[in-house]
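Peer 1: After the structure tokens below, expect a handful of questions from me.
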Amino acid sequence: MNLENNQHKDRLLVSYILCAVGFIGVGGLHRFYNGKIGTGLLWLLTGGVFGIGQIVDLFFITDMVNNYEHKLRLKAGVSPLGVPLNQAVVTSQVHHPTGNQLMVKLIEAAESKDGILTVTQGVKFTGASFAEVEATLNEMYKSGYVKIDNDPNTGAVIYHFHEL
């Protein structure tokens, strides 16, 4: 993504430089550079439409560059976000429960553990990450659905599901 950003900046800079060349008599070079051949010829033959078109283009060069890059991506078979078009979508990760699904899975895990659950047990039961499980359990704590305590033997943080 950083390479694309640099290429975009480079194309924009070159377009502005070519537009500036139009003020010394050779108008339209920035339009040729960005794939606008017809209007590039018009600008070239009329001195940038007598300089007025050249001045107006200073405000539209960014759009001109964006449109040209968009056309290039489509020609190359890549979406504007850089994703290949017409290619099968393949998942490379297992879907982990999120949001309410994760809460339900954690409640099921706590139910199987007599209403007491640790973050590690939640991770093992749901397959979600430690951060996701801990954030969900803390959210449930803030809502009043669970209470937090420490295991008297290990000192581990445990969550009590007092309604189970």
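Following the order of the structure tokens, first chain is A, next is B, and so on, with residues numbered from 1 inside each chain and ligands from 1 in the order they appear.
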Env of Glu111 in chain A: 10 Å cut, atoms = only C-alpha atoms, seq-sep filter 6 positions within chain, self excluded. Answer as a list of chain:residue names.
Peer 2: A:Lys105, A:Leu117, A:Phe161, A:Glu163, A:Leu164
Peer 1: Mind writing the picked residues with N, CA and C atoms as a PDB file, in the first residue's frame?
Peer 2:
ATOM      1  N   LYS A 105     -21.247 -18.251  23.799  1.00  0.00           N
ATOM      2  CA  LYS A 105     -20.270 -19.340  23.955  1.00  0.00           C
ATOM      3  C   LYS A 105     -19.628 -19.297  25.343  1.00  0.00           C
ATOM      4  N   LEU A 117     -15.488 -19.240  35.458  1.00  0.00           N
ATOM      5  CA  LEU A 117     -14.716 -19.314  34.223  1.00  0.00           C
ATOM      6  C   LEU A 117     -13.501 -18.399  34.307  1.00  0.00           C
ATOM      7  N   PHE A 161     -20.411 -16.445  37.161  1.00  0.00           N
ATOM      8  CA  PHE A 161     -21.703 -16.229  36.514  1.00  0.00           C
ATOM      9  C   PHE A 161     -22.759 -16.596  37.547  1.00  0.00           C
ATOM     10  N   GLU A 163     -25.847 -16.144  37.892  1.00  0.00           N
ATOM     11  CA  GLU A 163     -27.187 -16.578  37.491  1.00  0.00           C
ATOM     12  C   GLU A 163     -27.221 -18.051  37.081  1.00  0.00           C
ATOM     13  N   LEU A 164     -26.061 -18.668  36.933  1.00  0.00           N
ATOM     14  CA  LEU A 164     -26.026 -20.070  36.502  1.00  0.00           C
ATOM     15  C   LEU A 164     -26.066 -20.996  37.689  1.00  0.00           C
TER      16      LEU A 164
END
Peer 1: List the spatial neighbours of Gly51 in chain A as a ChimeraX atom specification - criterion: any atom at most 12 Å away, only C-alpha atoms, same-chain residues fewer than 2 positions off excluded.
Peer 2: /A:19-28,42-49,53-58
Peer 1: So, counting only C-alpha atoms, which residue among A:Met103, A:Val119, A:Ala156, A:Val14 is closest to Glu139 in chain A?
Peer 2: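 Distance minimum relative to Glu139 in chain A lands on A:Met103.
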Peer 1: May I ask which of the residues A:Ala76, A:Leu85, A:Val146, A:Val65 is the closest one to Ile107 in chain A, counting only C-alpha atoms?
Peer 2: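 Closest to Ile107 in chain A, using only C-alpha atoms: A:Val146.
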Peer 1: So that I can check the surroundings of Lys147 in chain A, please list as a list in words every protein, DNA and RNA residue that reaches within 12 Å of it, counting only C-alpha atoms and ignoring chain neighbours fewer than 4 positions away.
Peer 2: Gly115, Ile116, Leu117, Thr118, Leu137, Asn138, Glu139, Met140, Tyr141, Lys142, Ser143, Val157, Ile158, Tyr159, His160, Phe161, His162 and Glu163 of chain A
Peer 1: Would you mind writing down, as a PyMOL selection string, each residue of range 4-103 of chain A that DSSP on the backbone assigns to alpha helix (DSSP H)?
Peer 2: chain A and resi 4-21+29-33+37-50+52-75+100-103
Peer 1: May I have the residues within 7 Å of range 29-34 of chain A as a list in words, using only C-alpha atoms and disregarding those fewer than 4 positions away in the same chain?
Peer 2: Ser15, Leu18, Cys19, Thr39, Gly40, Met64, Val65 and Tyr68 of chain A
Peer 1: Do a neighbour search on Thr120 in chain A at 9 Å with only C-alpha atoms, toss out local chain neighbours closer than 4 positions, and write the hits as number ranges by chain.
Peer 2: A: 124-125, 130, 133
Peer 1: Between CA of Asn153 in chain A and CA of Ser112 in chain A, what distance in Å does the model show, to one decimal?
Peer 2: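 Computing it gives 20.6 Å between the two atoms.
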